[in-house]
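Everything below concerns the one structure shown next.
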Amino acid sequence: MERVPYWNISHGLLIDLLSLPALAVFGYGIYRHWCRIRQGKASIRLGLTLDALKLGPVYVRSFLTRGIVGTPIYKKLFTGIAHGLLFWGMVLLSVGTMLVFANVLFKLPVFKGEFNRLFMGLTLDAAGLAALAGVLFLLIRRLFPPERLTCFKANSAFILIEAGIIAIIVTGFFIEGARIAQTGVDPGSFVGNWLAAQLAGLGTLPAIHRYLWWTHGLISLALIAYIPYSPLVHLVLAPANAGLDIPLPGPKMGVIDFEAFEGEGDETPSLGVSKLADFSRKNLLDISTCLKCGRCHEVCPAAQTGKRLSPKGVMVTLAEYLQQGKMDDDSLLDTISIDAIYSCTTCAACMEACPVAVNQPNAILRMRQHLLMERSEIPDIMGQAHRSLEARHHPFVGTGFGPNDWRKGLDVPFYEKDTTEYLLWIGCSVAYEERTQNIARAMVAILKNAGVSFGILEENRCTGDPAKQMGNEFLFTEIAGQNIEEFNELGVTRVITLCPHCFNSFTRHYPLLGAKFDVIPHAVLIRNLIEAGTIRLANSGQAICYHDPCYLGRHNSVLSDPRQVVSSVGQLVEMPRSGCESFCCGAGGGNYWTEEEGTRINQTRAKEALDTGAVTIATACPFCMLMLTDGLKKFTEEQMVKDIAELVCSQMEA
Amino acid sequence: MQIVVLAKVVPDYEVPSADFELVENRAHPRYTRMIGLYDENAVEVGVQLKEKLGADLTIVSYGLSDDVQFLRKALAMGADKIVLVEGNSDDPYVIAANLKDAIDRQGSVDLVLAGRQSSDMDRGVVPGLLAGMLDYPFVPQACSVENVDGGWKIAQITETGKRLMKLTGKGVLSITSVPENVPRIPAVKAIFAAKKKPVEKLAEIGARSMSISELSVTIPKMESVCELIPAEDMDDAVRVLLRRLKEERFL
Ligand code: SF4
Ligand code: SF4
């Protein structure tokens, strides 16, 4: 017999009518979120043209992959699978429910033939089982939670939601079973048919069926209405957040236009963020979307080594303020704590781990901007580096070297207008520390050997990036402006960088200030030279482990080039955390100049590298080199850390 | 109430010795210029007093016309105006006489603060000379000042201890650095506001110089002499090392 919708139910359409108020409550909840988010400022434009499909403000690819499919969630395989089973199971079940509704209203023949058997029967029963398995896993994990779920705040409303979903699925199966027990086998509905066999003969079946049917319907509607008032709102906000997120890695800070400050003294906008209302809409959407899942907490170098900062902790505080409508409460920064705000290394590991495209470091850095540019507050040691940047335009306070000491006794050509092809940019991190100076010397040897046309600036300088990371956008703009001016005068069009922080600044921020030149990280250039056969290398066969600098790997997706370089001079080994999941050396965000609380990040990372058993630890960032060299001292006296340029230089055949 | 802070713009005082070179007996002009180390502490003390007492804070400097761009940092930190006497003498007497002249032109001045010594000549004599010329009491090595019943409560700090004293009336204090007077980082708004604050430039007045003339200037040369101590037996090596350090008078 063909299945009859609303069998055994009188006034079944009532449920459909009741869905209207449920949807209204749902809509109102979403509207409330929108009202909160709308209070933010328009987002800062990045001014970069991206090669990405965009519909209105929505980046389509990111919306579909990170938003709908939820790719990041599968980084935790079991949770990912459970979540996938639940989500897609529920999607199918919802489609099934809609089809039943369409059958009632428009006589859509969904209960006929193969479609009935394969989809309405088989698929939906399978979907129900899958969703049930998924939700049971998630419920059990909530009841016996890992630390990341409970630290700072547990999203316990999920337990209620999961219980509700279980109730919906279980009642659904029993309704089906009770119906089939009375109306005969339903083709394809293997769960329903089996349950029917168990229930057969029960005298009260029609009553049980009726009772469950209403329960099922009402819980479902209640759950829909509850979505915007619960963490389930991520069903809506997560795809929105993913779609609106500019598909570039890293915190995407943009630059600040200081023109406005040149005019009247008093009417200038407040810099950075001191209260929720200062955040952009995207920041507020981030805050609303955060699930408190703590995946960011687990990967954050600060949180994992006993600092005050946890990206989850920050999001929890921000969400509480937002929840309580404290848009203009400027106790915010002190609640989060100055220590926490300055402990962020801007490594972006949190962003990489976040399942719902939250940009935690952006929020943290905006608060830092306020602390420094408005409140003049900065931790002592970082403050000294900052003062040096202000006065000498480089942060290496107390250095034993002059800006050009690295090339003493070495013949290095200067960049000449219209003749030289590449400007070899040295930067501060290479010039002012003895250990890193050798990177520049090695690079000079490589370029000479390869016959590349290159030159350096007569007076070495800093990009100003450390100022930006410490929160002083103004000083950064000033230093960058001077550099751009000099580049323009010299007619520089192609730049080689030795430091990924310089590379990142040149490619992400300088163009916004009017720079027009191409930049190539030394890792990529060296790889190109090797590939073209311009330099030939002897492979030592030694095990070399490669540490990904955050600003080369995670921030700029340069992952394979340095690895190819390493592979051509030795045998590449990987650390447990590598590539986009790499663990920061601890220096980023100005934290090279810091008195660390808790365990030291560089020691943690150095140990991880040492444990691979590699003979050499390679990296492609002067800051990483300094941090790892220092971190390693705790474990060995050996100087194991080498820049890829040094490795190549020592294996180069004439 | 008006407080004057003396500030001198000097070549980078942290140039590493290996990179330091002289031109005509003075630091090479390639080094970045900045307000002297202790002068910034003095400015900070001045700004704190200004904030507490609502005083006017004037920066008085003797130096080159181009120094204004560096002195502006003091305005950004909170000072109200700059008075610069243009001149290039290194003679303490000439400098003090010119500073006195500039201060005399500022109307009534209640307190004069200076860094304990400049970061280029490192003599620390100008504030004392100036106090003499102004006929004000002079307190060197002060680290904090408070205004108490019409006078000043001053803490003087040396390597061996701290002395509290009270100054009635006007005075010249030279300021040394303590954690409480670490110069603040100017807020961005203050940097922009500083661009609009007044700068007054004065011509140098002729003044008698000291009867001292410079014969020569030398700077220590960096030299590394390496002596290897055999380390087969650690105890022995340590003994040899200690003996050698004592012989060379490092210990
Ligand atoms: S960017 Fe890195 S240090 Fe900063 S919060 Fe994220 S994971 Fe932590
Ligand atoms: S920011 Fe992202 S990763 Fe961190 S707790 Fe929130 S949802 Fe999870």
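Each chain in the structure tokens gets a letter, A, B and so on, in the order shown; residues start at 1 in every chain, and ligands are counted from 1 in the order they appear.
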Using only C-alpha atoms, which residues sit within 8 Å of Gly294 of chain A once same-chain residues fewer than 3 positions away are excluded, as a list in words?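 Answer for this query is Arg148, Leu149, Thr150, Cys151, His297, Glu298 and Lys312 of chain A.
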If the cut-off is 8 Å, can you tell me the residues of chain B near chain A, counting only C-alpha atoms? I'd like them as a PDB file with N, CA and C atoms, in the first residue's frame.
```pdb
ATOM      1  N   ASP B  12      73.069  59.266  18.104  1.00  0.00           N
ATOM      2  CA  ASP B  12      72.698  57.999  18.751  1.00  0.00           C
ATOM      3  C   ASP B  12      73.737  57.611  19.801  1.00  0.00           C
ATOM      4  N   GLU B  14      73.784  54.936  21.467  1.00  0.00           N
ATOM      5  CA  GLU B  14      73.971  53.495  21.609  1.00  0.00           C
ATOM      6  C   GLU B  14      74.643  52.873  20.393  1.00  0.00           C
ATOM      7  N   VAL B  15      75.365  53.677  19.647  1.00  0.00           N
ATOM      8  CA  VAL B  15      76.085  53.116  18.510  1.00  0.00           C
ATOM      9  C   VAL B  15      77.095  52.111  19.063  1.00  0.00           C
ATOM     10  N   PRO B  16      77.057  50.876  18.582  1.00  0.00           N
ATOM     11  CA  PRO B  16      78.001  49.887  19.106  1.00  0.00           C
ATOM     12  C   PRO B  16      79.440  50.339  18.874  1.00  0.00           C
ATOM     13  N   SER B  17      80.315  50.052  19.834  1.00  0.00           N
ATOM     14  CA  SER B  17      81.667  50.597  19.747  1.00  0.00           C
ATOM     15  C   SER B  17      82.366  50.156  18.464  1.00  0.00           C
ATOM     16  N   ALA B  18      82.026  48.953  17.983  1.00  0.00           N
ATOM     17  CA  ALA B  18      82.698  48.473  16.769  1.00  0.00           C
ATOM     18  C   ALA B  18      82.334  49.333  15.565  1.00  0.00           C
ATOM     19  N   ASP B  19      81.195  50.017  15.654  1.00  0.00           N
ATOM     20  CA  ASP B  19      80.718  50.775  14.503  1.00  0.00           C
ATOM     21  C   ASP B  19      80.960  52.273  14.688  1.00  0.00           C
ATOM     22  N   THR B  32      72.048  58.404  13.576  1.00  0.00           N
ATOM     23  CA  THR B  32      70.745  59.005  13.832  1.00  0.00           C
ATOM     24  C   THR B  32      70.833  59.967  15.005  1.00  0.00           C
ATOM     25  N   ARG B  33      70.069  61.044  14.960  1.00  0.00           N
ATOM     26  CA  ARG B  33      70.062  61.974  16.098  1.00  0.00           C
ATOM     27  C   ARG B  33      68.813  61.789  16.945  1.00  0.00           C
ATOM     28  N   MET B  34      68.925  62.079  18.206  1.00  0.00           N
ATOM     29  CA  MET B  34      67.797  61.895  19.121  1.00  0.00           C
ATOM     30  C   MET B  34      68.011  62.716  20.391  1.00  0.00           C
ATOM     31  N   ARG B 184      57.643  58.201  28.356  1.00  0.00           N
ATOM     32  CA  ARG B 184      56.454  57.567  27.779  1.00  0.00           C
ATOM     33  C   ARG B 184      56.556  57.495  26.270  1.00  0.00           C
ATOM     34  N   ILE B 185      55.814  56.541  25.687  1.00  0.00           N
ATOM     35  CA  ILE B 185      55.717  56.483  24.230  1.00  0.00           C
ATOM     36  C   ILE B 185      54.594  57.429  23.836  1.00  0.00           C
ATOM     37  N   PRO B 186      54.880  58.429  23.016  1.00  0.00           N
ATOM     38  CA  PRO B 186      53.823  59.386  22.702  1.00  0.00           C
ATOM     39  C   PRO B 186      52.669  58.713  21.950  1.00  0.00           C
ATOM     40  N   ALA B 187      51.459  59.023  22.354  1.00  0.00           N
ATOM     41  CA  ALA B 187      50.291  58.516  21.623  1.00  0.00           C
ATOM     42  C   ALA B 187      50.259  59.183  20.251  1.00  0.00           C
ATOM     43  N   VAL B 188      49.671  58.510  19.293  1.00  0.00           N
ATOM     44  CA  VAL B 188      49.687  59.028  17.920  1.00  0.00           C
ATOM     45  C   VAL B 188      49.028  60.400  17.828  1.00  0.00           C
ATOM     46  N   LYS B 189      47.919  60.556  18.554  1.00  0.00           N
ATOM     47  CA  LYS B 189      47.243  61.862  18.510  1.00  0.00           C
ATOM     48  C   LYS B 189      48.168  62.967  19.013  1.00  0.00           C
ATOM     49  N   PHE B 192      50.599  64.051  16.386  1.00  0.00           N
ATOM     50  CA  PHE B 192      50.016  64.997  15.422  1.00  0.00           C
ATOM     51  C   PHE B 192      49.812  66.367  16.060  1.00  0.00           C
ATOM     52  N   ALA B 193      49.360  66.352  17.319  1.00  0.00           N
ATOM     53  CA  ALA B 193      49.143  67.633  17.997  1.00  0.00           C
ATOM     54  C   ALA B 193      50.467  68.386  18.129  1.00  0.00           C
TER      55      ALA B 193
END
```
Using DSSP on the backbone coordinates, identify all residues within segment 298-359 of chain A classified as alpha helix (DSSP H); present the result as a ChimeraX atom specification. /A:298-299,311-323,332-336,338-343,349-353
Let me see if you get this right: every residue at most 10 Å from ligand 2, counting only C-alpha atoms and all ligand atoms, written as a compact mmCIF listing (two decimals) with all heavy atoms, in the first residue's frame.
```
# COMPACT_ATOMS: atom_id res chain seq x y z
N PRO A 72 37.47 22.47 7.44
CA PRO A 72 38.43 22.49 8.56
C PRO A 72 38.06 21.53 9.68
O PRO A 72 38.93 21.09 10.42
CB PRO A 72 38.36 23.94 9.07
CG PRO A 72 37.69 24.72 8.00
CD PRO A 72 36.82 23.78 7.26
N ILE A 73 36.77 21.20 9.78
CA ILE A 73 36.38 20.39 10.92
C ILE A 73 36.98 18.99 10.83
O ILE A 73 37.19 18.32 11.84
CB ILE A 73 34.85 20.35 11.07
CG1 ILE A 73 34.50 19.95 12.50
CG2 ILE A 73 34.20 19.43 10.09
CD1 ILE A 73 33.08 20.10 12.85
N ARG A 148 40.03 21.28 25.88
CA ARG A 148 39.79 22.41 24.98
C ARG A 148 38.32 22.84 24.99
O ARG A 148 38.00 24.00 24.77
CB ARG A 148 40.23 22.05 23.56
CG ARG A 148 39.38 20.99 22.88
CD ARG A 148 39.82 20.77 21.43
NE ARG A 148 39.18 19.60 20.86
CZ ARG A 148 38.07 19.63 20.15
NH1 ARG A 148 37.46 20.79 19.93
NH2 ARG A 148 37.56 18.53 19.65
N LEU A 149 37.40 21.87 25.23
CA LEU A 149 35.98 22.22 25.21
C LEU A 149 35.56 22.95 26.47
O LEU A 149 34.63 23.74 26.45
CB LEU A 149 35.13 20.95 25.07
CG LEU A 149 35.13 20.28 23.69
CD1 LEU A 149 34.30 19.03 23.73
CD2 LEU A 149 34.61 21.24 22.62
N CYS A 151 37.79 24.65 28.80
CA CYS A 151 38.57 25.76 29.33
C CYS A 151 37.84 27.07 29.06
O CYS A 151 37.19 27.23 28.03
CB CYS A 151 39.99 25.77 28.74
SG CYS A 151 40.07 25.97 26.98
N PHE A 152 37.96 28.00 30.00
CA PHE A 152 37.29 29.31 29.96
C PHE A 152 35.78 29.21 30.00
O PHE A 152 35.13 29.79 30.83
CB PHE A 152 37.73 30.13 28.74
CG PHE A 152 39.20 30.38 28.74
CD1 PHE A 152 40.05 29.58 28.00
CD2 PHE A 152 39.72 31.38 29.52
CE1 PHE A 152 41.42 29.79 28.04
CE2 PHE A 152 41.08 31.60 29.57
CZ PHE A 152 41.93 30.81 28.83
N LYS A 153 35.22 28.45 29.05
CA LYS A 153 33.77 28.30 29.08
C LYS A 153 33.38 27.09 28.25
O LYS A 153 33.89 26.90 27.16
CB LYS A 153 33.12 29.55 28.49
CG LYS A 153 31.63 29.52 28.59
CD LYS A 153 30.98 30.64 27.83
CE LYS A 153 29.50 30.29 27.78
NZ LYS A 153 28.66 31.32 27.32
N ALA A 154 32.48 26.28 28.81
CA ALA A 154 31.99 25.14 28.04
C ALA A 154 30.67 25.54 27.41
O ALA A 154 29.85 26.19 28.05
CB ALA A 154 31.79 23.94 28.96
N ASN A 155 30.50 25.19 26.18
CA ASN A 155 29.25 25.51 25.49
C ASN A 155 28.23 24.43 25.83
O ASN A 155 27.85 23.64 24.99
CB ASN A 155 29.52 25.56 23.98
CG ASN A 155 28.92 26.79 23.36
OD1 ASN A 155 28.08 27.45 23.97
ND2 ASN A 155 29.32 27.10 22.15
N HIS A 234 25.42 28.41 14.62
CA HIS A 234 26.55 28.28 13.69
C HIS A 234 26.11 27.69 12.36
O HIS A 234 26.80 27.83 11.36
CB HIS A 234 27.68 27.47 14.32
CG HIS A 234 27.48 25.99 14.39
ND1 HIS A 234 26.77 25.36 15.36
CD2 HIS A 234 27.93 24.99 13.58
CE1 HIS A 234 26.79 24.05 15.18
NE2 HIS A 234 27.48 23.80 14.10
N ALA A 238 28.25 30.23 10.59
CA ALA A 238 29.52 29.70 10.10
C ALA A 238 29.66 29.86 8.58
O ALA A 238 30.68 30.37 8.11
CB ALA A 238 29.71 28.26 10.53
N ASP A 286 32.67 37.29 13.74
CA ASP A 286 33.59 36.28 14.29
C ASP A 286 33.19 35.94 15.73
O ASP A 286 33.09 34.78 16.11
CB ASP A 286 35.03 36.84 14.36
CG ASP A 286 35.77 36.72 13.04
OD1 ASP A 286 35.29 35.99 12.15
OD2 ASP A 286 36.84 37.35 12.90
N ILE A 287 32.99 36.99 16.50
CA ILE A 287 32.69 36.81 17.92
C ILE A 287 31.38 36.04 18.09
O ILE A 287 31.25 35.15 18.92
CB ILE A 287 32.63 38.17 18.63
CG1 ILE A 287 33.98 38.88 18.53
CG2 ILE A 287 32.22 38.01 20.09
CD1 ILE A 287 33.96 40.35 18.93
N SER A 288 30.39 36.38 17.25
CA SER A 288 29.10 35.69 17.34
C SER A 288 29.20 34.25 16.87
O SER A 288 28.44 33.40 17.30
CB SER A 288 28.06 36.40 16.48
OG SER A 288 28.08 37.77 16.71
N THR A 289 30.12 34.00 15.95
CA THR A 289 30.19 32.67 15.35
C THR A 289 30.97 31.68 16.21
O THR A 289 30.71 30.48 16.16
CB THR A 289 30.86 32.75 13.96
OG1 THR A 289 30.24 33.78 13.22
CG2 THR A 289 30.71 31.45 13.20
N CYS A 290 31.94 32.18 16.97
CA CYS A 290 32.82 31.29 17.73
C CYS A 290 32.02 30.27 18.53
O CYS A 290 31.07 30.59 19.21
CB CYS A 290 33.70 32.11 18.67
SG CYS A 290 34.57 31.08 19.86
N LEU A 291 32.45 29.03 18.42
CA LEU A 291 31.73 27.92 19.05
C LEU A 291 32.32 27.52 20.38
O LEU A 291 31.86 26.57 20.99
CB LEU A 291 31.78 26.71 18.11
CG LEU A 291 30.90 26.85 16.89
CD1 LEU A 291 31.26 25.81 15.86
CD2 LEU A 291 29.46 26.68 17.32
N LYS A 292 33.37 28.18 20.81
CA LYS A 292 34.07 27.82 22.05
C LYS A 292 34.59 26.39 21.98
O LYS A 292 34.62 25.68 22.98
CB LYS A 292 33.18 27.96 23.29
CG LYS A 292 32.12 29.06 23.23
CD LYS A 292 32.68 30.41 23.59
CE LYS A 292 31.63 31.50 23.55
NZ LYS A 292 31.04 31.82 22.26
N CYS A 293 34.97 25.97 20.80
CA CYS A 293 35.41 24.58 20.64
C CYS A 293 36.84 24.40 21.14
O CYS A 293 37.28 23.29 21.37
CB CYS A 293 35.32 24.16 19.18
SG CYS A 293 36.58 24.94 18.16
N GLY A 294 37.58 25.51 21.27
CA GLY A 294 38.92 25.42 21.84
C GLY A 294 39.97 24.80 20.92
O GLY A 294 41.08 24.53 21.36
N ARG A 295 39.65 24.62 19.67
CA ARG A 295 40.69 24.09 18.77
C ARG A 295 41.84 25.08 18.67
O ARG A 295 42.99 24.71 18.53
CB ARG A 295 40.11 23.85 17.38
CG ARG A 295 39.17 22.67 17.34
CD ARG A 295 38.73 22.40 15.91
NE ARG A 295 37.74 21.33 15.87
CZ ARG A 295 37.62 20.47 14.86
NH1 ARG A 295 38.39 20.58 13.80
NH2 ARG A 295 36.70 19.54 14.90
N CYS A 296 41.51 26.36 18.74
CA CYS A 296 42.55 27.39 18.68
C CYS A 296 43.42 27.34 19.94
O CYS A 296 44.62 27.52 19.88
CB CYS A 296 41.93 28.77 18.49
SG CYS A 296 40.66 29.17 19.70
N HIS A 297 42.77 27.10 21.06
CA HIS A 297 43.50 27.05 22.34
C HIS A 297 44.56 25.95 22.30
O HIS A 297 45.66 26.13 22.82
CB HIS A 297 42.48 26.78 23.45
CG HIS A 297 43.09 26.60 24.80
ND1 HIS A 297 43.44 27.66 25.61
CD2 HIS A 297 43.42 25.48 25.49
CE1 HIS A 297 43.95 27.19 26.73
NE2 HIS A 297 43.96 25.88 26.70
N GLU A 298 44.21 24.86 21.66
CA GLU A 298 45.11 23.71 21.62
C GLU A 298 46.37 23.93 20.80
O GLU A 298 47.38 23.27 21.01
CB GLU A 298 44.37 22.53 20.97
CG GLU A 298 43.86 21.54 21.92
CD GLU A 298 43.21 20.38 21.16
OE1 GLU A 298 43.02 20.46 19.94
OE2 GLU A 298 42.90 19.41 21.82
N VAL A 299 46.28 24.83 19.82
CA VAL A 299 47.43 25.01 18.93
C VAL A 299 48.19 26.31 19.22
O VAL A 299 49.25 26.55 18.64
CB VAL A 299 47.02 25.01 17.45
CG1 VAL A 299 46.42 23.67 17.07
CG2 VAL A 299 46.04 26.14 17.15
N CYS A 300 47.65 27.15 20.07
CA CYS A 300 48.25 28.47 20.30
C CYS A 300 49.55 28.34 21.09
O CYS A 300 49.56 27.78 22.18
CB CYS A 300 47.26 29.36 21.05
SG CYS A 300 47.99 30.92 21.57
N SER A 310 44.88 33.07 25.62
CA SER A 310 44.34 31.95 24.86
C SER A 310 43.38 32.57 23.86
O SER A 310 42.53 33.38 24.25
CB SER A 310 43.57 30.99 25.75
OG SER A 310 42.64 30.26 24.98
N PRO A 311 43.51 32.21 22.60
CA PRO A 311 42.58 32.82 21.63
C PRO A 311 41.13 32.49 21.98
O PRO A 311 40.24 33.32 21.83
CB PRO A 311 42.99 32.21 20.29
CG PRO A 311 43.93 31.09 20.61
CD PRO A 311 44.48 31.34 21.96
N LYS A 312 40.91 31.28 22.51
CA LYS A 312 39.54 30.95 22.91
C LYS A 312 39.11 31.85 24.07
O LYS A 312 38.00 32.38 24.08
CB LYS A 312 39.43 29.48 23.32
CG LYS A 312 38.05 29.17 23.90
CD LYS A 312 37.84 27.72 24.29
CE LYS A 312 36.51 27.57 25.02
NZ LYS A 312 36.24 26.20 25.48
N GLY A 313 40.03 32.03 25.03
CA GLY A 313 39.71 32.88 26.17
C GLY A 313 39.32 34.28 25.71
O GLY A 313 38.35 34.87 26.21
N VAL A 314 40.05 34.81 24.75
CA VAL A 314 39.75 36.14 24.23
C VAL A 314 38.36 36.15 23.59
O VAL A 314 37.53 37.03 23.87
CB VAL A 314 40.81 36.57 23.19
CG1 VAL A 314 40.39 37.84 22.49
CG2 VAL A 314 42.16 36.76 23.86
N MET A 315 38.08 35.13 22.78
CA MET A 315 36.78 35.09 22.11
C MET A 315 35.66 34.94 23.14
O MET A 315 34.59 35.53 22.98
CB MET A 315 36.72 33.93 21.10
CG MET A 315 37.65 34.05 19.91
SD MET A 315 37.78 35.68 19.16
CE MET A 315 36.33 35.77 18.19
N VAL A 316 35.90 34.18 24.19
CA VAL A 316 34.87 33.99 25.23
C VAL A 316 34.55 35.33 25.89
O VAL A 316 33.39 35.70 26.04
CB VAL A 316 35.33 32.95 26.27
CG1 VAL A 316 34.46 33.00 27.51
CG2 VAL A 316 35.32 31.55 25.67
N ALA A 319 32.71 37.52 23.49
CA ALA A 319 31.33 37.05 23.29
C ALA A 319 30.47 37.42 24.50
O ALA A 319 29.30 37.78 24.34
CB ALA A 319 31.31 35.54 23.07
N ALA A 349 48.15 30.23 13.93
CA ALA A 349 47.82 28.81 14.08
C ALA A 349 46.36 28.66 14.46
O ALA A 349 45.68 27.72 14.05
CB ALA A 349 48.70 28.18 15.15
N CYS A 350 45.87 29.63 15.26
CA CYS A 350 44.48 29.57 15.69
C CYS A 350 43.53 29.67 14.51
O CYS A 350 42.54 28.95 14.43
CB CYS A 350 44.20 30.70 16.69
SG CYS A 350 44.77 32.32 16.17
N MET A 351 43.85 30.57 13.57
CA MET A 351 42.98 30.73 12.40
C MET A 351 42.94 29.45 11.60
O MET A 351 41.91 29.04 11.07
CB MET A 351 43.51 31.83 11.49
CG MET A 351 43.60 33.17 12.12
SD MET A 351 44.25 34.37 10.94
CE MET A 351 42.90 34.45 9.76
N GLU A 352 44.11 28.84 11.49
CA GLU A 352 44.23 27.62 10.71
C GLU A 352 43.36 26.51 11.33
O GLU A 352 42.77 25.71 10.63
CB GLU A 352 45.71 27.19 10.69
CG GLU A 352 46.05 26.06 9.79
CD GLU A 352 45.89 26.41 8.31
OE1 GLU A 352 46.09 27.57 7.95
OE2 GLU A 352 45.56 25.48 7.54
N ALA A 353 43.31 26.51 12.66
CA ALA A 353 42.60 25.43 13.35
C ALA A 353 41.10 25.69 13.46
O ALA A 353 40.32 24.77 13.63
CB ALA A 353 43.19 25.23 14.75
N CYS A 354 40.72 26.94 13.38
CA CYS A 354 39.32 27.27 13.66
C CYS A 354 38.38 26.68 12.61
O CYS A 354 38.57 26.89 11.42
CB CYS A 354 39.13 28.78 13.71
SG CYS A 354 37.42 29.24 14.07
N PRO A 355 37.34 25.97 13.06
CA PRO A 355 36.43 25.36 12.10
C PRO A 355 35.47 26.36 11.47
O PRO A 355 34.84 26.06 10.47
CB PRO A 355 35.67 24.33 12.95
CG PRO A 355 35.75 24.84 14.34
CD PRO A 355 37.05 25.58 14.45
N VAL A 356 35.34 27.55 12.07
CA VAL A 356 34.33 28.47 11.55
C VAL A 356 34.91 29.81 11.10
O VAL A 356 34.26 30.85 11.18
CB VAL A 356 33.20 28.69 12.58
CG1 VAL A 356 32.39 27.41 12.75
CG2 VAL A 356 33.74 29.14 13.93
N ALA A 357 36.15 29.77 10.61
CA ALA A 357 36.77 30.93 9.95
C ALA A 357 36.87 32.18 10.81
O ALA A 357 36.73 33.29 10.32
CB ALA A 357 36.04 31.25 8.64
N VAL A 358 37.08 32.00 12.12
CA VAL A 358 37.26 33.17 12.98
C VAL A 358 38.69 33.70 12.81
O VAL A 358 39.64 32.93 12.65
CB VAL A 358 37.02 32.78 14.46
CG1 VAL A 358 37.41 33.91 15.39
CG2 VAL A 358 35.56 32.41 14.66
N ASN A 359 38.81 35.02 12.82
CA ASN A 359 40.13 35.66 12.70
C ASN A 359 40.52 36.23 14.08
O ASN A 359 40.33 37.40 14.37
CB ASN A 359 40.05 36.77 11.66
CG ASN A 359 41.39 37.35 11.30
OD1 ASN A 359 42.36 37.23 12.05
ND2 ASN A 359 41.47 38.01 10.16
N GLN A 360 41.06 35.35 14.92
CA GLN A 360 41.39 35.76 16.29
C GLN A 360 42.49 36.80 16.35
O GLN A 360 42.37 37.80 17.07
CB GLN A 360 41.77 34.54 17.15
CG GLN A 360 40.75 33.41 17.16
CD GLN A 360 40.98 32.43 16.02
OE1 GLN A 360 41.54 32.78 15.00
NE2 GLN A 360 40.53 31.20 16.19
N PRO A 361 43.63 36.60 15.63
CA PRO A 361 44.72 37.58 15.78
C PRO A 361 44.33 38.97 15.30
O PRO A 361 44.85 39.97 15.81
CB PRO A 361 45.86 37.01 14.92
CG PRO A 361 45.27 35.92 14.11
CD PRO A 361 44.04 35.44 14.81
```
Long-range neighbours of segment 221-227 of chain A as a PDB file with C-alpha atoms, in the first residue's frame, 10 Å cut-off, only C-alpha atoms, 4 positions minimum in chain:
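Final file, result_15.pdb:
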```
ATOM      1  CA  ILE A  15       2.300  21.055  12.611  1.00  0.00           C
ATOM      2  CA  ASP A  16       2.886  22.785   9.325  1.00  0.00           C
ATOM      3  CA  LEU A  18       2.897  25.783  13.821  1.00  0.00           C
ATOM      4  CA  SER A  19       6.088  25.957  11.817  1.00  0.00           C
ATOM      5  CA  LEU A  20       5.155  29.532  10.985  1.00  0.00           C
ATOM      6  CA  PRO A  21       5.547  30.883  14.537  1.00  0.00           C
ATOM      7  CA  ALA A  22       8.635  28.696  14.955  1.00  0.00           C
ATOM      8  CA  LEU A  23      10.149  30.245  11.860  1.00  0.00           C
ATOM      9  CA  ALA A  24       9.160  33.692  13.076  1.00  0.00           C
ATOM     10  CA  VAL A  25      10.974  33.098  16.359  1.00  0.00           C
ATOM     11  CA  PHE A  26      13.933  31.783  14.357  1.00  0.00           C
ATOM     12  CA  GLY A  27      13.886  34.817  12.087  1.00  0.00           C
ATOM     13  CA  TYR A  28      13.689  37.200  15.008  1.00  0.00           C
ATOM     14  CA  GLY A  29      16.699  35.533  16.607  1.00  0.00           C
ATOM     15  CA  ILE A  30      18.751  35.869  13.454  1.00  0.00           C
ATOM     16  CA  LEU A 160      20.530  20.016  25.360  1.00  0.00           C
ATOM     17  CA  ILE A 161      20.673  20.324  21.592  1.00  0.00           C
ATOM     18  CA  GLY A 164      16.902  17.087  21.427  1.00  0.00           C
ATOM     19  CA  ILE A 165      18.292  15.733  18.170  1.00  0.00           C
ATOM     20  CA  ILE A 168      13.844  13.677  17.244  1.00  0.00           C
ATOM     21  CA  THR A 215       6.197  14.889  20.169  1.00  0.00           C
ATOM     22  CA  HIS A 216       8.506  14.478  17.195  1.00  0.00           C
ATOM     23  CA  GLY A 217       6.956  17.408  15.375  1.00  0.00           C
ATOM     24  CA  PRO A 231      25.257  27.610  19.642  1.00  0.00           C
ATOM     25  CA  LEU A 232      23.333  25.890  16.843  1.00  0.00           C
ATOM     26  CA  VAL A 233      23.263  29.309  15.228  1.00  0.00           C
ATOM     27  CA  HIS A 234      26.546  28.277  13.692  1.00  0.00           C
ATOM     28  CA  LEU A 235      24.385  26.585  11.062  1.00  0.00           C
ATOM     29  CA  VAL A 236      23.749  30.085   9.765  1.00  0.00           C
TER      30      VAL A 236
END
```
